[in-house]
>>> print(open('final_1.csv').read())   # CSV, C-alpha atoms and all ligand atoms
chain,number,residue,atom,x,y,z
Y,1,MET,CA,-151.9,14.6,-63.1
Y,2,LYS,CA,-148.8,16.6,-63.9
Y,3,VAL,CA,-145.9,16.1,-61.6
Y,4,ILE,CA,-142.9,18.4,-61.2
Y,5,THR,CA,-139.6,17.3,-59.6
Y,6,ALA,CA,-136.9,19.8,-58.5
Y,7,VAL,CA,-133.4,18.6,-59.2
Y,8,LYS,CA,-130.3,20.4,-58.1
Y,9,ARG,CA,-126.7,20.0,-59.4
Y,10,VAL,CA,-124.4,19.5,-56.5
Y,11,VAL,CA,-120.9,18.3,-55.8
Y,12,ASP,CA,-121.1,14.4,-56.0
Y,13,TYR,CA,-121.5,12.8,-52.6
Y,14,ASN,CA,-118.3,10.8,-53.1
Y,15,VAL,CA,-116.1,13.9,-53.4
Y,16,LYS,CA,-114.3,15.2,-50.4
Y,17,VAL,CA,-114.9,18.9,-50.6
Y,18,ARG,CA,-112.1,21.4,-49.8
Y,19,VAL,CA,-112.6,24.8,-48.3
Y,20,LYS,CA,-111.2,27.7,-50.4
Y,21,SER,CA,-108.2,29.4,-48.9
Y,22,ASP,CA,-110.0,32.7,-48.6
Y,23,HIS,CA,-112.8,30.9,-46.6
Y,24,THR,CA,-115.6,32.2,-48.9
Y,25,GLY,CA,-116.9,28.7,-49.7
Y,26,VAL,CA,-115.9,25.3,-51.0
Y,27,ASP,CA,-113.8,24.7,-54.1
Y,28,ILE,CA,-116.0,23.3,-56.9
Y,29,GLY,CA,-113.5,23.8,-59.7
Y,30,ASN,CA,-112.7,20.4,-61.3
Y,31,VAL,CA,-114.8,18.3,-59.0
Y,32,LYS,CA,-117.4,15.8,-60.1
Y,33,MET,CA,-121.0,17.2,-60.0
Y,34,SER,CA,-124.1,15.1,-59.9
Y,35,MET,CA,-127.8,15.2,-59.1
Y,36,ASN,CA,-128.6,15.7,-55.5
Y,37,PRO,CA,-129.3,12.2,-54.2
Y,38,PHE,CA,-132.7,13.1,-52.7
Y,39,ASP,CA,-133.7,14.6,-56.0
Y,40,GLU,CA,-133.0,11.3,-57.8
Y,41,ILE,CA,-135.4,9.7,-55.3
Y,42,ALA,CA,-137.9,12.5,-56.1
Y,43,THR,CA,-137.6,11.8,-59.9
Y,44,GLU,CA,-137.8,8.1,-59.4
Y,45,ALA,CA,-141.0,8.5,-57.3
Y,46,ALA,CA,-142.5,10.7,-60.0
Y,47,THR,CA,-141.5,8.2,-62.7
Y,48,ARG,CA,-143.1,5.3,-60.8
Y,49,LEU,CA,-146.3,7.3,-60.5
Y,50,LYS,CA,-146.3,7.7,-64.2
Y,51,GLU,CA,-145.6,4.0,-64.8
Y,52,ALA,CA,-148.5,3.2,-62.5
Y,53,GLY,CA,-150.8,5.3,-64.6
Y,54,LYS,CA,-151.2,7.9,-61.8
Y,55,ALA,CA,-149.2,10.7,-63.4
Y,56,SER,CA,-149.6,11.9,-67.0
Y,57,GLU,CA,-146.4,13.9,-67.3
Y,58,VAL,CA,-143.2,14.4,-65.3
Y,59,ILE,CA,-141.3,17.6,-65.6
Y,60,ALA,CA,-137.9,18.1,-64.0
Y,61,VAL,CA,-136.9,21.6,-63.1
Y,62,SER,CA,-133.4,22.8,-62.2
Y,63,CYS,CA,-132.2,26.3,-61.3
Y,64,GLY,CA,-128.6,27.2,-61.7
Y,65,VAL,CA,-125.7,27.4,-64.2
Y,66,ALA,CA,-125.9,26.2,-67.8
Y,67,GLN,CA,-124.3,22.8,-66.8
Y,68,SER,CA,-127.4,22.0,-64.8
Y,69,GLN,CA,-128.6,20.8,-68.2
Y,70,GLU,CA,-126.6,17.6,-67.5
Y,71,THR,CA,-128.6,17.1,-64.2
Y,72,LEU,CA,-131.8,17.6,-66.2
Y,73,ARG,CA,-130.6,15.0,-68.7
Y,74,THR,CA,-130.1,12.5,-65.9
Y,75,ALA,CA,-133.7,13.2,-64.7
Y,76,LEU,CA,-134.9,12.6,-68.3
Y,77,ALA,CA,-132.9,9.4,-68.4
Y,78,ILE,CA,-134.6,8.2,-65.1
Y,79,GLY,CA,-137.9,8.8,-66.7
Y,80,ALA,CA,-139.0,12.5,-66.7
Y,81,ASP,CA,-140.7,13.6,-69.9
Y,82,ARG,CA,-139.2,17.0,-70.3
Y,83,GLY,CA,-136.9,19.4,-68.5
Y,84,VAL,CA,-137.0,23.1,-67.6
Y,85,LEU,CA,-133.7,24.9,-66.8
Y,86,VAL,CA,-134.0,28.2,-65.0
Y,87,GLU,CA,-130.5,29.4,-66.0
Y,88,THR,CA,-128.6,31.9,-63.9
Y,89,ASP,CA,-125.0,32.3,-62.7
Y,90,ALA,CA,-126.3,34.0,-59.6
Y,91,GLU,CA,-125.7,32.3,-56.2
Y,92,LEU,CA,-129.1,30.7,-55.4
Y,93,GLN,CA,-130.3,30.4,-51.9
Y,94,PRO,CA,-133.4,28.4,-50.9
Y,95,LEU,CA,-135.8,31.4,-50.9
Y,96,ALA,CA,-134.7,32.4,-54.4
Y,97,VAL,CA,-135.1,28.7,-55.6
Y,98,ALA,CA,-138.6,28.5,-54.0
Y,99,LYS,CA,-139.6,31.8,-55.9
Y,100,LEU,CA,-138.3,30.5,-59.2
Y,101,LEU,CA,-140.0,27.1,-58.7
Y,102,LYS,CA,-143.3,28.9,-57.8
Y,103,ALA,CA,-143.1,30.9,-61.1
Y,104,VAL,CA,-142.6,27.6,-63.1
Y,105,ILE,CA,-145.4,25.9,-61.2
Y,106,GLU,CA,-147.8,28.8,-61.9
Y,107,LYS,CA,-147.1,28.3,-65.6
Y,108,GLU,CA,-147.2,24.5,-65.6
Y,109,GLN,CA,-150.0,24.0,-63.1
Y,110,PRO,CA,-148.9,20.6,-61.7
Y,111,GLN,CA,-150.9,18.7,-59.1
Y,112,LEU,CA,-147.9,17.4,-57.3
Y,113,VAL,CA,-144.4,18.8,-56.8
Y,114,ILE,CA,-141.7,16.5,-55.3
Y,115,LEU,CA,-138.4,17.9,-54.0
Y,116,GLY,CA,-135.6,16.4,-52.0
Y,117,LYS,CA,-135.7,16.9,-48.3
Y,118,GLN,CA,-132.3,18.6,-48.4
Y,119,ALA,CA,-129.6,19.5,-50.8
Y,120,ILE,CA,-126.3,17.8,-49.8
Y,121,ASP,CA,-124.3,20.9,-50.5
Y,122,ASP,CA,-126.0,23.6,-48.4
Y,123,ASP,CA,-127.9,21.2,-46.1
Y,124,ALA,CA,-130.6,23.9,-45.8
Y,125,GLY,CA,-133.7,21.7,-45.9
Y,126,GLN,CA,-135.8,24.7,-46.6
Y,127,THR,CA,-136.8,24.9,-50.2
Y,128,GLY,CA,-139.9,22.6,-50.1
Y,129,GLN,CA,-141.2,24.3,-47.0
Y,130,LEU,CA,-140.7,27.8,-48.4
Y,131,LEU,CA,-142.3,26.8,-51.7
Y,132,ALA,CA,-145.4,25.4,-49.9
Y,133,ALA,CA,-145.7,28.6,-47.9
Y,134,LEU,CA,-145.3,30.8,-51.0
Y,135,LEU,CA,-148.0,28.8,-52.9
Y,136,ASP,CA,-150.2,28.3,-49.8
Y,137,TRP,CA,-150.3,24.5,-50.6
Y,138,PRO,CA,-150.3,21.6,-48.2
Y,139,GLN,CA,-147.0,19.9,-47.7
Y,140,ALA,CA,-145.6,16.7,-46.3
Y,141,THR,CA,-141.8,16.5,-45.6
Y,142,PHE,CA,-139.5,13.5,-45.2
Y,143,VAL,CA,-141.9,11.2,-47.0
Y,144,SER,CA,-141.0,7.5,-47.2
Y,145,HIS,CA,-144.2,6.2,-49.0
Y,146,ILE,CA,-146.7,7.9,-51.4
Y,147,GLU,CA,-150.1,6.7,-52.5
Y,148,ILE,CA,-152.3,8.8,-54.9
Y,149,GLU,CA,-156.0,8.2,-55.1
Y,150,GLY,CA,-158.1,10.8,-56.9
Y,151,SER,CA,-157.2,14.2,-55.6
Y,152,THR,CA,-155.7,12.9,-52.4
Y,153,ALA,CA,-152.1,11.9,-51.6
Y,154,THR,CA,-151.7,9.6,-48.7
Y,155,VAL,CA,-148.1,9.6,-47.5
Y,156,THR,CA,-146.0,8.0,-44.7
Y,157,ARG,CA,-143.5,10.2,-42.9
Y,158,GLU,CA,-140.7,9.0,-40.7
Y,159,VAL,CA,-141.0,10.7,-37.3
Y,160,ASP,CA,-139.3,10.2,-34.0
Y,161,GLY,CA,-140.3,6.8,-32.7
Y,162,GLY,CA,-142.5,5.7,-35.6
Y,163,LEU,CA,-144.3,6.4,-38.8
Y,164,GLU,CA,-147.0,9.0,-39.4
Y,165,VAL,CA,-149.6,8.6,-42.1
Y,166,ILE,CA,-151.2,11.7,-43.4
Y,167,ALA,CA,-153.6,12.6,-46.2
Y,168,LEU,CA,-153.0,15.7,-48.4
Y,169,GLN,CA,-155.4,17.4,-50.7
Y,170,LEU,CA,-153.7,17.9,-54.1
Y,171,PRO,CA,-152.1,20.1,-55.3
Y,172,ALA,CA,-149.4,19.6,-52.7
Y,173,ILE,CA,-145.7,19.6,-52.0
Y,174,ILE,CA,-143.8,16.5,-51.0
Y,175,THR,CA,-140.2,16.2,-49.9
Y,176,THR,CA,-138.4,12.9,-50.1
Y,177,ASP,CA,-136.8,10.8,-47.4
Y,178,LEU,CA,-133.9,8.4,-48.2
Y,179,ARG,CA,-136.2,5.4,-47.8
Y,180,LEU,CA,-138.9,6.4,-50.3
Y,181,ASN,CA,-137.3,4.3,-53.0
Y,182,GLU,CA,-134.0,3.2,-54.6
Y,183,PRO,CA,-133.5,5.1,-57.8
Y,184,ARG,CA,-133.1,2.9,-60.9
Y,185,TYR,CA,-129.7,2.4,-62.6
Y,186,VAL,CA,-129.7,4.7,-65.6
Y,187,THR,CA,-128.9,2.6,-68.7
Y,188,LEU,CA,-127.2,3.7,-71.9
Y,189,PRO,CA,-130.4,3.4,-74.0
Y,190,SER,CA,-132.3,5.6,-71.5
Y,191,ILE,CA,-129.4,8.1,-71.7
Y,192,MET,CA,-129.6,8.1,-75.5
Y,193,LYS,CA,-133.4,8.4,-75.3
Y,194,ALA,CA,-133.1,11.3,-72.9
Y,195,LYS,CA,-131.0,13.3,-75.4
Y,196,LYS,CA,-134.1,13.6,-77.6
Y,197,LYS,CA,-136.5,14.7,-74.9
Y,198,PRO,CA,-137.4,18.4,-74.8
Y,199,LEU,CA,-135.4,20.8,-72.5
Y,200,GLU,CA,-136.5,24.4,-72.3
Y,201,THR,CA,-134.4,27.2,-70.9
Y,202,VAL,CA,-135.8,30.2,-69.2
Y,203,THR,CA,-134.2,32.9,-67.0
Y,204,PRO,CA,-135.2,34.4,-63.6
Y,205,ASP,CA,-135.9,37.7,-65.5
Y,206,SER,CA,-138.3,36.0,-67.8
Y,207,LEU,CA,-140.1,34.6,-64.8
Y,208,GLY,CA,-140.1,38.0,-63.1
Y,209,VAL,CA,-138.1,36.8,-60.1
Y,210,ASP,CA,-135.1,38.6,-58.5
Y,211,PRO,CA,-132.9,35.7,-57.3
Y,212,SER,CA,-130.4,38.0,-55.3
Y,213,PRO,CA,-129.1,36.3,-52.1
Y,214,ARG,CA,-130.7,37.5,-48.9
Y,215,LEU,CA,-128.1,35.9,-46.6
Y,216,LYS,CA,-124.4,36.6,-46.5
Y,217,THR,CA,-121.9,33.8,-45.9
Y,218,LEU,CA,-119.4,35.2,-43.4
Y,219,LYS,CA,-116.9,32.4,-43.3
Y,220,VAL,CA,-116.6,28.7,-44.3
Y,221,VAL,CA,-114.0,26.7,-42.3
Y,222,GLU,CA,-112.9,23.1,-42.2
Y,223,PRO,CA,-114.1,21.1,-39.1
Y,224,ALA,CA,-111.5,21.0,-36.4
Y,225,ALA,CA,-109.1,18.1,-36.9
Y,226,ARG,CA,-109.7,15.3,-34.4
Y,227,LYS,CA,-106.9,14.5,-32.0
Y,228,ALA,CA,-105.2,11.1,-32.3
Y,229,GLY,CA,-106.6,8.5,-30.0
Y,230,VAL,CA,-104.7,6.4,-27.4
Y,231,THR,CA,-104.9,2.7,-26.7
Y,232,VAL,CA,-105.4,1.9,-23.0
Y,233,PRO,CA,-104.1,-1.4,-21.5
Y,234,ASP,CA,-107.3,-2.2,-19.4
Y,235,VAL,CA,-110.6,-1.0,-18.1
Y,236,ALA,CA,-109.1,0.6,-15.0
Y,237,ALA,CA,-106.8,2.8,-17.2
Y,238,LEU,CA,-109.8,3.8,-19.3
Y,239,VAL,CA,-111.8,4.8,-16.2
Y,240,GLU,CA,-108.9,6.7,-14.9
Y,241,LYS,CA,-108.5,8.6,-18.2
Y,242,LEU,CA,-112.3,9.3,-18.5
Y,243,LYS,CA,-112.2,10.7,-14.9
Y,244,ASN,CA,-109.0,12.7,-14.8
Y,245,ASP,CA,-108.1,13.5,-18.5
Y,246,ALA,CA,-111.5,13.8,-20.2
Y,247,LYS,CA,-113.3,14.7,-16.9
Y,248,VAL,CA,-116.5,13.2,-18.3
Y,249,ILE,CA,-117.3,10.8,-15.4
Q,1,LIG,P1,-132.4,22.8,-49.7
Q,1,LIG,O1,-133.5,23.5,-49.2
Q,1,LIG,O2,-131.4,23.7,-50.4
Q,1,LIG,O3,-131.8,21.8,-48.8
Q,1,LIG,O4,-132.9,21.9,-50.9
Q,1,LIG,C1,-134.1,21.0,-50.8
Q,1,LIG,C2,-134.6,20.6,-52.2
Q,1,LIG,O5,-135.0,21.7,-52.9
Q,1,LIG,C3,-133.5,19.9,-53.0
Q,1,LIG,O6,-133.4,18.5,-52.7
Q,1,LIG,C4,-134.2,20.1,-54.4
Q,1,LIG,O7,-135.3,19.2,-54.7
Q,1,LIG,C5,-134.7,21.5,-54.3
Q,1,LIG,N1,-133.7,22.5,-54.8
Q,1,LIG,C6,-132.9,23.2,-54.0
Q,1,LIG,N2,-132.1,24.0,-54.8
Q,1,LIG,C7,-132.4,23.7,-56.1
Q,1,LIG,C8,-132.0,24.2,-57.4
Q,1,LIG,N3,-131.0,25.1,-57.5
Q,1,LIG,N4,-132.6,23.7,-58.5
Q,1,LIG,C9,-133.7,22.8,-58.4
Q,1,LIG,N5,-134.1,22.3,-57.2
Q,1,LIG,C10,-133.5,22.8,-56.1
>>> encode(input="final_1.csv", output="structure tokens", more="lines below")
Ligand code: AMP
Amino acid sequence: MKVITAVKRVVDYNVKVRVKSDHTGVDIGNVKMSMNPFDEIATEAATRLKEAGKASEVIAVSCGVAQSQETLRTALAIGADRGVLVETDAELQPLAVAKLLKAVIEKEQPQLVILGKQAIDDDAGQTGQLLAALLDWPQATFVSHIEIEGSTATVTREVDGGLEVIALQLPAIITTDLRLNEPRYVTLPSIMKAKKKPLETVTPDSLGVDPSPRLKTLKVVEPAARKAGVTVPDVAALVEKLKNDAKVI
């Protein structure tokens, strides 16, 4: 069973992003970039399937600028066997990424594709679902446990008020929840080994996909600053403020 994982290069989750002064987006010049955390979980899940003898090959795919190679190298250090970079400087929105991934999938013919449930930069949470629709494959989103037996994936999903267990016929799309696993610490030897693993670069053109954006960002603004709080001397003063100042009771 071949497994593909989709890995996106995003601003590192520890960076406090700043909105550009012209409100066209966030400033990503000179900030630390890393693999989207949910995609690390996806790559870890695929690697564990390989280690358990359930997967024969793990291929990490990233779409974006040339530096996304670094993200692919991290995926290779976690345990992917090879990487595919769909290189473009174009702004990529979820539908374009889904179309690019579909083209790679048609070429590679995997039985399982694992994506993150959301990218922490655009917070779209759309790519896996769009991809499943484009391929007409079954999908399970927000997955916290995966079992593969023959041509069936049995997965656990976290839903409101409990857990849902569903069976999917492979080939299928899975998107990862935070609790699926804890990605391994990438060691220096695995980074060195990853440098020797194959990494292929293709372009949207060579895949026959037009990645042009369909949505226009009108404005990006900082969240409104919170007003400073006040300390009240006792409960009576708190109730008075809630009633007369905040008018919430
Ligand atoms: P989103 O729909 O943008 O929230 O992204 C959901 C998931 O789709 C991510 O966690 C990745 O697994 C995948 N994805 C999104 N954008 C890219 C990209 N440019 N390259 C590779 N995978 C991506």
>>> closest_atom_pairs(input="final_1.csv", of="chain Y", to="ligand LIG 1 (chain Q)", cutoff="6 Å", atoms="all atoms listed in the file", output="CSV")
residue,atom,partner,partner_atom,distance
Y:Ala6,CA,Q:LIG1,N5,4.0
Y:Val7,CA,Q:LIG1,N5,4.3
Y:Lys8,CA,Q:LIG1,N4,4.0
Y:Phe38,CA,Q:LIG1,O6,5.4
Y:Asp39,CA,Q:LIG1,O7,5.0
Y:Val61,CA,Q:LIG1,C9,5.8
Y:Ser62,CA,Q:LIG1,C9,3.8
Y:Cys63,CA,Q:LIG1,N4,3.8
Y:Gly64,CA,Q:LIG1,N3,5.3
Y:Pro94,CA,Q:LIG1,O2,5.1
Y:Val97,CA,Q:LIG1,N2,5.6
Y:Leu115,CA,Q:LIG1,O7,3.4
Y:Gly116,CA,Q:LIG1,O6,3.1
Y:Lys117,CA,Q:LIG1,C1,5.1
Y:Gln118,CA,Q:LIG1,O3,3.3
Y:Ala119,CA,Q:LIG1,O3,3.8
Y:Asp122,CA,Q:LIG1,O2,5.8
Y:Asp123,CA,Q:LIG1,O3,4.8
Y:Ala124,CA,Q:LIG1,O3,3.9
Y:Gly125,CA,Q:LIG1,O3,3.5
Y:Gln126,CA,Q:LIG1,O1,3.7
Y:Thr127,CA,Q:LIG1,O1,3.7
Y:Gly128,CA,Q:LIG1,O5,5.7
>>> write_last_selection(input="final_1.csv", atoms="C-alpha atoms", output="tab-separated table (two decimals), keeping the file's coordinate frame")
chain	number	residue	atom	x	y	z
Y	6	ALA	CA	-136.90	19.80	-58.50
Y	7	VAL	CA	-133.40	18.60	-59.20
Y	8	LYS	CA	-130.30	20.40	-58.10
Y	38	PHE	CA	-132.70	13.10	-52.70
Y	39	ASP	CA	-133.70	14.60	-56.00
Y	61	VAL	CA	-136.90	21.60	-63.10
Y	62	SER	CA	-133.40	22.80	-62.20
Y	63	CYS	CA	-132.20	26.30	-61.30
Y	64	GLY	CA	-128.60	27.20	-61.70
Y	94	PRO	CA	-133.40	28.40	-50.90
Y	97	VAL	CA	-135.10	28.70	-55.60
Y	115	LEU	CA	-138.40	17.90	-54.00
Y	116	GLY	CA	-135.60	16.40	-52.00
Y	117	LYS	CA	-135.70	16.90	-48.30
Y	118	GLN	CA	-132.30	18.60	-48.40
Y	119	ALA	CA	-129.60	19.50	-50.80
Y	122	ASP	CA	-126.00	23.60	-48.40
Y	123	ASP	CA	-127.90	21.20	-46.10
Y	124	ALA	CA	-130.60	23.90	-45.80
Y	125	GLY	CA	-133.70	21.70	-45.90
Y	126	GLN	CA	-135.80	24.70	-46.60
Y	127	THR	CA	-136.80	24.90	-50.20
Y	128	GLY	CA	-139.90	22.60	-50.10
>>> closest_residue(input="final_1.csv", among="Y:Arg179, Y:His145, Y:Lys2, Y:Lys50", to="Y:Glu108", atoms="only C-alpha atoms")
Y:Lys2
>>> atom_distance(input="final_1.csv", atom1="atom CA of Y:Ala98", atom2="atom CA of Y:Asn36")
16.3 Å
>>> residues_around(input="final_1.csv", residues="Y:Ala75", least_positions_apart="3", cutoff="12 Å", atoms="all atoms listed in the file", output="ChimeraX atom specification")
/Y:4-9,34-37,39-47,58-62,68-72,78-85,183-186,190-191,193-195,197-199
>>> residues_around(input="final_1.csv", residues="stretch 160-162 of chain Y", least_positions_apart="4", cutoff="12 Å", atoms="only C-alpha atoms", output="compact mmCIF listing (two decimals) with C-alpha atoms, in the frame of the given file")
# COMPACT_ATOMS: atom_id res chain seq x y z
CA PHE Y 142 -139.50 13.50 -45.20
CA SER Y 144 -141.00 7.50 -47.20
CA THR Y 156 -146.00 8.00 -44.70
>>> closest_residue(input="final_1.csv", among="Y:Ala236, Y:Leu92, Y:Val221, Y:Leu180", to="Y:Asp27", atoms="all atoms listed in the file")
Y:Val221
>>> atom_distance(input="final_1.csv", atom1="atom CA of Y:Val159", atom2="atom CA of Y:Lys54")
26.7 Å
>>> residues_around(input="final_1.csv", residues="stretch 167-178 of chain Y", least_positions_apart="6", cutoff="6 Å", atoms="only C-alpha atoms", output="list in words")
Gln111, Leu112, Val113, Ile114, Leu115, Gly116, Lys117, Trp137, Pro138, Gln139, Ala140, Thr141, Phe142, Val143, Ser144, Ser151, Thr152, Ala153 and Thr154 of chain Y
>>> closest_residue(input="final_1.csv", among="Y:Ile148, Y:Leu95, Y:Val235, Y:Val104", to="Y:Leu134", atoms="only C-alpha atoms")
Y:Leu95
>>> closest_residue(input="final_1.csv", among="Y:Ile28, Y:Gln93, Y:Met33, Y:Ala66", to="Y:Pro213", atoms="all atoms listed in the file")
Y:Gln93
>>> atom_distance(input="final_1.csv", atom1="atom CA of Y:Gln67", atom2="atom CA of Y:Asp210")
20.9 Å
>>> closest_residue(input="final_1.csv", among="Y:Glu240, Y:Asp245, Y:Glu222, Y:Asp234", to="Y:Val19", atoms="all atoms listed in the file")
Y:Glu222
>>> closest_atom_pairs(input="final_1.csv", of="stretch 125-223 of chain Y", to="stretch 20-25 of chain Y", cutoff="8 Å", atoms="only C-alpha atoms", output="JSON lines")
{"residue": "Y:Thr217", "atom": "CA", "partner": "Y:Thr24", "partner_atom": "CA", "distance": 7.2}
{"residue": "Y:Leu218", "atom": "CA", "partner": "Y:Thr24", "partner_atom": "CA", "distance": 7.3}
{"residue": "Y:Lys219", "atom": "CA", "partner": "Y:His23", "partner_atom": "CA", "distance": 5.5}
{"residue": "Y:Val220", "atom": "CA", "partner": "Y:His23", "partner_atom": "CA", "distance": 5.0}
{"residue": "Y:Val221", "atom": "CA", "partner": "Y:His23", "partner_atom": "CA", "distance": 6.1}
>>> closest_residue(input="final_1.csv", among="Y:Pro233, Y:Gly53, Y:Pro204, Y:Pro189", to="Y:Met1", atoms="only C-alpha atoms")
Y:Gly53
>>> build_atoms(input="final_1.csv", residues="stretch 133-157 of chain Y", atoms="N, CA and C atoms", output="PDB file, keeping the file's coordinate frame")
ATOM      1  N   ALA Y 133    -145.192  27.376 -48.543  1.00  0.00           N
ATOM      2  CA  ALA Y 133    -145.700  28.600 -47.900  1.00  0.00           C
ATOM      3  C   ALA Y 133    -146.025  29.653 -48.990  1.00  0.00           C
ATOM      4  N   LEU Y 134    -145.122  29.802 -49.979  1.00  0.00           N
ATOM      5  CA  LEU Y 134    -145.300  30.800 -51.000  1.00  0.00           C
ATOM      6  C   LEU Y 134    -146.601  30.488 -51.849  1.00  0.00           C
ATOM      7  N   LEU Y 135    -146.825  29.175 -52.101  1.00  0.00           N
ATOM      8  CA  LEU Y 135    -148.000  28.800 -52.900  1.00  0.00           C
ATOM      9  C   LEU Y 135    -149.254  28.629 -52.060  1.00  0.00           C
ATOM     10  N   ASP Y 136    -149.061  28.555 -50.728  1.00  0.00           N
ATOM     11  CA  ASP Y 136    -150.200  28.300 -49.800  1.00  0.00           C
ATOM     12  C   ASP Y 136    -150.760  26.883 -50.117  1.00  0.00           C
ATOM     13  N   TRP Y 137    -149.886  25.902 -50.349  1.00  0.00           N
ATOM     14  CA  TRP Y 137    -150.300  24.500 -50.600  1.00  0.00           C
ATOM     15  C   TRP Y 137    -149.975  23.652 -49.412  1.00  0.00           C
ATOM     16  N   PRO Y 138    -150.715  22.526 -49.263  1.00  0.00           N
ATOM     17  CA  PRO Y 138    -150.300  21.600 -48.200  1.00  0.00           C
ATOM     18  C   PRO Y 138    -148.975  20.951 -48.503  1.00  0.00           C
ATOM     19  N   GLN Y 139    -148.268  20.548 -47.459  1.00  0.00           N
ATOM     20  CA  GLN Y 139    -147.000  19.900 -47.700  1.00  0.00           C
ATOM     21  C   GLN Y 139    -146.764  18.746 -46.738  1.00  0.00           C
ATOM     22  N   ALA Y 140    -145.985  17.774 -47.204  1.00  0.00           N
ATOM     23  CA  ALA Y 140    -145.600  16.700 -46.300  1.00  0.00           C
ATOM     24  C   ALA Y 140    -144.057  16.517 -46.568  1.00  0.00           C
ATOM     25  N   THR Y 141    -143.309  16.601 -45.476  1.00  0.00           N
ATOM     26  CA  THR Y 141    -141.800  16.500 -45.600  1.00  0.00           C
ATOM     27  C   THR Y 141    -141.355  15.143 -45.168  1.00  0.00           C
ATOM     28  N   PHE Y 142    -140.139  14.786 -45.612  1.00  0.00           N
ATOM     29  CA  PHE Y 142    -139.500  13.500 -45.200  1.00  0.00           C
ATOM     30  C   PHE Y 142    -140.380  12.323 -45.472  1.00  0.00           C
ATOM     31  N   VAL Y 143    -140.862  12.208 -46.685  1.00  0.00           N
ATOM     32  CA  VAL Y 143    -141.900  11.200 -47.000  1.00  0.00           C
ATOM     33  C   VAL Y 143    -141.174   9.874 -47.431  1.00  0.00           C
ATOM     34  N   SER Y 144    -141.639   8.750 -46.866  1.00  0.00           N
ATOM     35  CA  SER Y 144    -141.000   7.500 -47.200  1.00  0.00           C
ATOM     36  C   SER Y 144    -141.998   6.552 -47.986  1.00  0.00           C
ATOM     37  N   HIS Y 145    -143.250   7.016 -48.213  1.00  0.00           N
ATOM     38  CA  HIS Y 145    -144.200   6.200 -49.000  1.00  0.00           C
ATOM     39  C   HIS Y 145    -145.267   7.174 -49.567  1.00  0.00           C
ATOM     40  N   ILE Y 146    -145.653   6.994 -50.841  1.00  0.00           N
ATOM     41  CA  ILE Y 146    -146.700   7.900 -51.400  1.00  0.00           C
ATOM     42  C   ILE Y 146    -147.756   6.995 -52.108  1.00  0.00           C
ATOM     43  N   GLU Y 147    -149.009   7.286 -51.830  1.00  0.00           N
ATOM     44  CA  GLU Y 147    -150.100   6.700 -52.500  1.00  0.00           C
ATOM     45  C   GLU Y 147    -151.002   7.794 -53.080  1.00  0.00           C
ATOM     46  N   ILE Y 148    -151.398   7.722 -54.349  1.00  0.00           N
ATOM     47  CA  ILE Y 148    -152.300   8.800 -54.900  1.00  0.00           C
ATOM     48  C   ILE Y 148    -153.615   8.107 -55.246  1.00  0.00           C
ATOM     49  N   GLU Y 149    -154.693   8.683 -54.758  1.00  0.00           N
ATOM     50  CA  GLU Y 149    -156.000   8.200 -55.100  1.00  0.00           C
ATOM     51  C   GLU Y 149    -156.905   9.408 -55.349  1.00  0.00           C
ATOM     52  N   GLY Y 150    -157.308   9.591 -56.594  1.00  0.00           N
ATOM     53  CA  GLY Y 150    -158.100  10.800 -56.900  1.00  0.00           C
ATOM     54  C   GLY Y 150    -157.338  12.032 -56.652  1.00  0.00           C
ATOM     55  N   SER Y 151    -157.937  12.943 -55.866  1.00  0.00           N
ATOM     56  CA  SER Y 151    -157.200  14.200 -55.600  1.00  0.00           C
ATOM     57  C   SER Y 151    -156.603  14.200 -54.205  1.00  0.00           C
ATOM     58  N   THR Y 152    -156.310  12.981 -53.704  1.00  0.00           N
ATOM     59  CA  THR Y 152    -155.700  12.900 -52.400  1.00  0.00           C
ATOM     60  C   THR Y 152    -154.369  12.095 -52.462  1.00  0.00           C
ATOM     61  N   ALA Y 153    -153.371  12.634 -51.774  1.00  0.00           N
ATOM     62  CA  ALA Y 153    -152.100  11.900 -51.600  1.00  0.00           C
ATOM     63  C   ALA Y 153    -152.057  11.406 -50.192  1.00  0.00           C
ATOM     64  N   THR Y 154    -151.862  10.101 -50.009  1.00  0.00           N
ATOM     65  CA  THR Y 154    -151.700   9.600 -48.700  1.00  0.00           C
ATOM     66  C   THR Y 154    -150.220   9.206 -48.516  1.00  0.00           C
ATOM     67  N   VAL Y 155    -149.558   9.833 -47.559  1.00  0.00           N
ATOM     68  CA  VAL Y 155    -148.100   9.600 -47.500  1.00  0.00           C
ATOM     69  C   VAL Y 155    -147.701   9.188 -46.068  1.00  0.00           C
ATOM     70  N   THR Y 156    -146.595   8.480 -46.024  1.00  0.00           N
ATOM     71  CA  THR Y 156    -146.000   8.000 -44.700  1.00  0.00           C
ATOM     72  C   THR Y 156    -144.793   8.878 -44.478  1.00  0.00           C
ATOM     73  N   ARG Y 157    -144.708   9.374 -43.252  1.00  0.00           N
ATOM     74  CA  ARG Y 157    -143.500  10.200 -42.900  1.00  0.00           C
ATOM     75  C   ARG Y 157    -142.817   9.498 -41.721  1.00  0.00           C
TER      76      ARG Y 157
END
